[in-house]
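What follows is a single structure, written as C-alpha cells, with notes after it.
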Amino acid sequence: MRIVLVGPPGAGKGTQAAFLAKNLSIPHISTGDLFRANISQNTELGRRAKAFMDAGDLVPDEITIGMAKDRMEQPDAVNGFLLDGFPRNVSQAEALDGMLEEAGMKLDAVLDLEVEEDEVVKRIAGRRICRNDSAHVFHVVYAAPKTPGVCDTCGGELYQREDDSEATVRNRLEVYHTQTEPIIDYYKAQGLLVTIPALGEVADVTQRAMDALKK
Ligand code: ADP
C-alpha cells in the first residue's frame, strides 16, 4: 500500500504512522525525521534545512523533494510506504504524482488526521521525544514516562524539539493552514481522501485508520 498521512503539527502523525507502518508492514517515511537525522549528522542537507525548521517554515522544495524521492527509491519501499510529512504543499503533491506515475504506481489513500487547534497546541507544548528513536513519543501530562526525562521503551533521553516552542508552533500552524491544507482538496478531487477524527486514545485512532483502509 502507498499511503500519505496529513494533518496539522501535533495531530499525532508520527505516533500513528509508527503503528500503521508496523501493522501494514511498510516503511514509515517521515521527512521531518529525515531532516532531523541529517541535522544530527551535520550533513550539508541538514545544515541547509536547519534554519527553516527552527523557524517552523517549510524547507524549500528543491531540498525536500529530492530527499523524499531518494528515500522512496530505497529497496524496502518497493512494495509500499507510509509518507508522514510529505507532501506538505501542492507543488510537492504534484511532484509526488509525477514520480509515482513514472514508476507506474499510484497512491491508495490519503489519511487526514483531524484535530482542533487548541488540542494541537496542548499536545505539542508537552511533547517529549526520545533521542534514540523519534517513534518513542511521550507527553508530560497525557503520556507521561515512568521516570521524567527517560524513555520507557529504551531508556533513552527525552527532549523537547527546538521547533516545539510556543512561538514556533504558532508559525507551523499558520504554515499548515496556508500551504499544507490545500493538498486536502487536491486529494479530495482525486477521490483519495479519508478523514480520521484524531481525538481520543492512540490505539482507537489507529483502529479507525485501519478500518478506513480496509474499505
Ligand atoms: P510536525 O508534523 O509535527 O510539524 P515534522 O517532524 O513532520 O513535524 O516536521 C518538522 C519540520 O520539518 C517542519 O516544520 C518543516 O520545517 C520540515 N519539513 C518536514 N517535512 C517537510 C516537507 N515535506 N517540506 C518542507 N519542510 C518539511
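Lettering and numbering for the C-alpha cells are positional, with chains as A, B, ... in the shown order, residues counted from 1 in each chain, and ligands counted from 1 in the shown order.
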Item to check | Who sits within 12 Å of Leu113 in chain A, only C-alpha atoms, same chain under 5 positions skipped, as a PyMOL selection string | outcome: chain A and resi 4-17+84-85+120+181+184+193-200+202+205-206+208-209+212
Item to check | Test item: residues lying within 6 Å of ligand 1 with only C-alpha atoms and all ligand atoms, as a list in words | outcome: Pro9, Gly10, Thr31, Gly32, Asp33, Phe52, Met53, Gly56, Asp57, Leu58, Val59, Pro60, Thr64, Gly85, Phe86, Pro87, Arg88 and Arg172 of chain A
Item to check | Near-range 144-159 of chain A list (9 Å; only C-alpha atoms; drop same-chain fewer than 6 positions) as a list in words | outcome: Arg127, Arg128, Ile129, Cys130, Arg131, Asn132, Asp133, His136, Val137 and Phe138 of chain A
Checklist entry - So which one's closest to Ala203 in chain A, A:Gln160, A:Ser30, A:Gln179, A:Asn23? Using only C-alpha atoms, please. => result A:Asn23
Item to check | Those in range 25-143 of chain A with strand (DSSP E or B) from DSSP, as a VMD selection string | outcome: chain A and resid 28 to 30 81 to 84 109 to 114 127 to 130 137 to 139 143
Please save N, CA and C atoms of the selected residues as an mmCIF file, in the first residue's frame.
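Once written, out-v2.cif looks like this:
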data_model
loop_
_atom_site.group_PDB
_atom_site.id
_atom_site.type_symbol
_atom_site.label_atom_id
_atom_site.label_comp_id
_atom_site.auth_asym_id
_atom_site.auth_seq_id
_atom_site.Cartn_x
_atom_site.Cartn_y
_atom_site.Cartn_z
ATOM 1 N N HIS A 28 7.874 3.462 7.313
ATOM 2 C CA HIS A 28 7.365 4.783 7.702
ATOM 3 C C HIS A 28 8.390 5.804 7.234
ATOM 4 N N ILE A 29 8.004 6.644 6.302
ATOM 5 C CA ILE A 29 8.931 7.644 5.772
ATOM 6 C C ILE A 29 8.493 9.026 6.237
ATOM 7 N N SER A 30 9.261 9.588 7.149
ATOM 8 C CA SER A 30 8.948 10.905 7.696
ATOM 9 C C SER A 30 10.004 11.899 7.239
ATOM 10 N N PHE A 81 4.713 2.256 1.060
ATOM 11 C CA PHE A 81 5.282 3.113 2.098
ATOM 12 C C PHE A 81 4.182 3.952 2.712
ATOM 13 N N LEU A 82 4.481 4.480 3.870
ATOM 14 C CA LEU A 82 3.581 5.403 4.531
ATOM 15 C C LEU A 82 4.313 6.732 4.657
ATOM 16 N N LEU A 83 3.845 7.727 3.928
ATOM 17 C CA LEU A 83 4.507 9.034 3.959
ATOM 18 C C LEU A 83 3.925 9.892 5.074
ATOM 19 N N ASP A 84 4.804 10.437 5.881
ATOM 20 C CA ASP A 84 4.408 11.262 7.028
ATOM 21 C C ASP A 84 5.140 12.601 6.911
ATOM 22 N N ALA A 109 -4.394 5.702 -0.640
ATOM 23 C CA ALA A 109 -5.237 6.524 0.234
ATOM 24 C C ALA A 109 -4.437 7.659 0.847
ATOM 25 N N VAL A 110 -5.165 8.713 1.178
ATOM 26 C CA VAL A 110 -4.584 9.825 1.923
ATOM 27 C C VAL A 110 -5.399 9.960 3.210
ATOM 28 N N LEU A 111 -4.764 9.747 4.335
ATOM 29 C CA LEU A 111 -5.461 9.831 5.616
ATOM 30 C C LEU A 111 -5.243 11.213 6.211
ATOM 31 N N ASP A 112 -6.335 11.878 6.500
ATOM 32 C CA ASP A 112 -6.263 13.220 7.076
ATOM 33 C C ASP A 112 -6.633 13.118 8.556
ATOM 34 N N LEU A 113 -5.656 13.310 9.417
ATOM 35 C CA LEU A 113 -5.919 13.265 10.865
ATOM 36 C C LEU A 113 -6.467 14.614 11.303
ATOM 37 N N GLU A 114 -7.706 14.583 11.782
ATOM 38 C CA GLU A 114 -8.395 15.835 12.090
ATOM 39 C C GLU A 114 -8.424 16.097 13.583
ATOM 40 N N ARG A 127 5.019 17.796 24.398
ATOM 41 C CA ARG A 127 5.612 16.643 23.696
ATOM 42 C C ARG A 127 7.089 16.462 24.044
ATOM 43 N N ARG A 128 7.483 15.237 24.288
ATOM 44 C CA ARG A 128 8.895 14.914 24.523
ATOM 45 C C ARG A 128 9.236 13.689 23.666
ATOM 46 N N ILE A 129 10.393 13.761 23.041
ATOM 47 C CA ILE A 129 10.778 12.716 22.087
ATOM 48 C C ILE A 129 12.091 12.083 22.518
ATOM 49 N N CYS A 130 12.213 10.787 22.252
ATOM 50 C CA CYS A 130 13.429 10.060 22.629
ATOM 51 C C CYS A 130 14.556 10.357 21.639
ATOM 52 N N VAL A 137 7.447 8.541 21.522
ATOM 53 C CA VAL A 137 6.959 9.890 21.810
ATOM 54 C C VAL A 137 6.187 9.887 23.118
ATOM 55 N N PHE A 138 6.429 10.877 23.969
ATOM 56 C CA PHE A 138 5.726 10.988 25.241
ATOM 57 C C PHE A 138 5.122 12.380 25.369
ATOM 58 N N HIS A 139 4.333 12.550 26.432
ATOM 59 C CA HIS A 139 3.767 13.864 26.726
ATOM 60 C C HIS A 139 3.804 14.029 28.236
ATOM 61 N N ALA A 143 0.830 11.451 28.316
ATOM 62 C CA ALA A 143 1.509 10.156 28.144
ATOM 63 C C ALA A 143 2.861 10.249 28.848
#
Next on the checklist: Residues within 10 Å of Ile26 in chain A, please, as a PyMOL selection string. Count only C-alpha atoms; anything in the same chain fewer than 3 positions from it doesn't count.
Outcome noted: chain A and resi 1-3+18+20-23+29+76-82
Just the residues within 12 Å of Ile39 in chain A, please, counting only C-alpha atoms, with nothing from its chain fewer than 4 positions along; format it as a compact mmCIF listing (two decimals) with N, CA and C atoms, in the first residue's frame.
# COMPACT_ATOMS: atom_id res chain seq x y z
N GLY A 32 10.30 14.93 8.24
CA GLY A 32 10.80 15.61 9.44
C GLY A 32 11.92 14.79 10.09
N ASP A 33 11.71 13.48 10.22
CA ASP A 33 12.75 12.61 10.80
C ASP A 33 14.00 12.59 9.92
N LEU A 34 13.81 12.56 8.61
CA LEU A 34 14.98 12.56 7.71
C LEU A 34 15.77 13.85 7.89
N PHE A 35 15.05 14.98 7.99
CA PHE A 35 15.77 16.25 8.22
C PHE A 35 16.49 16.22 9.56
N THR A 43 25.08 16.94 8.14
CA THR A 43 25.31 16.85 6.69
C THR A 43 25.05 18.21 6.05
N GLU A 44 25.46 18.34 4.80
CA GLU A 44 25.20 19.56 4.02
C GLU A 44 23.68 19.83 3.96
N LEU A 45 22.93 18.78 3.68
CA LEU A 45 21.47 18.92 3.60
C LEU A 45 20.90 19.40 4.95
N GLY A 46 21.41 18.81 6.03
CA GLY A 46 20.95 19.20 7.36
C GLY A 46 21.26 20.65 7.67
N ARG A 47 22.44 21.08 7.27
CA ARG A 47 22.82 22.48 7.52
C ARG A 47 21.91 23.43 6.74
N ARG A 48 21.53 23.02 5.53
CA ARG A 48 20.64 23.88 4.73
C ARG A 48 19.22 23.92 5.29
N ALA A 49 18.80 22.80 5.88
CA ALA A 49 17.40 22.71 6.34
C ALA A 49 17.18 23.35 7.71
N LYS A 50 18.21 23.41 8.52
CA LYS A 50 18.03 23.71 9.95
C LYS A 50 17.31 25.02 10.24
N ALA A 51 17.74 26.11 9.60
CA ALA A 51 17.16 27.42 9.93
C ALA A 51 15.66 27.45 9.60
N PHE A 52 15.29 26.81 8.49
CA PHE A 52 13.86 26.78 8.11
C PHE A 52 13.06 26.02 9.16
N MET A 53 13.60 24.88 9.56
CA MET A 53 12.89 24.07 10.54
C MET A 53 12.75 24.79 11.87
N ASP A 54 13.84 25.36 12.34
CA ASP A 54 13.80 26.03 13.65
C ASP A 54 12.79 27.17 13.66
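Minimum atom-to-atom distance to Thr180 in chain A, evaluated using only C-alpha atoms, belongs to A:Ser91 out of A:Pro75, A:Ser91, A:Arg36, A:Asp70.
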Item to check | helix (DSSP H, G or I) per DSSP on the backbone: members of range 11-172 of chain A, as a PyMOL selection string | outcome: chain A and resi 13-24+31-40+44-55+61-72+75-77+90-102+117-125+162-164+166-172
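You will find CA of Gln74 in chain A at 28.4 Å from CA of Asp163 in chain A.
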Next on the checklist: One decimal, in Å: what's the spacing between CA of Asn38 in chain A and CA of Ile183 in chain A?
Outcome noted: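 Separating CA of Asn38 in chain A from CA of Ile183 in chain A is a distance of 26.2 Å.
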Next on the checklist: Report, in Å to a single decimal, how far apart CA of Tyr187 in chain A and CA of Asp204 in chain A are.
Outcome noted: 24.4 Å
Item to check | Minimum-distance residue to Asp97 in chain A, chosen among A:Glu201, A:Val175, A:Met67, A:Tyr186 (using only C-alpha atoms) | outcome: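 Once distances to Asp97 in chain A are computed over only C-alpha atoms, the minimum belongs to A:Tyr186.
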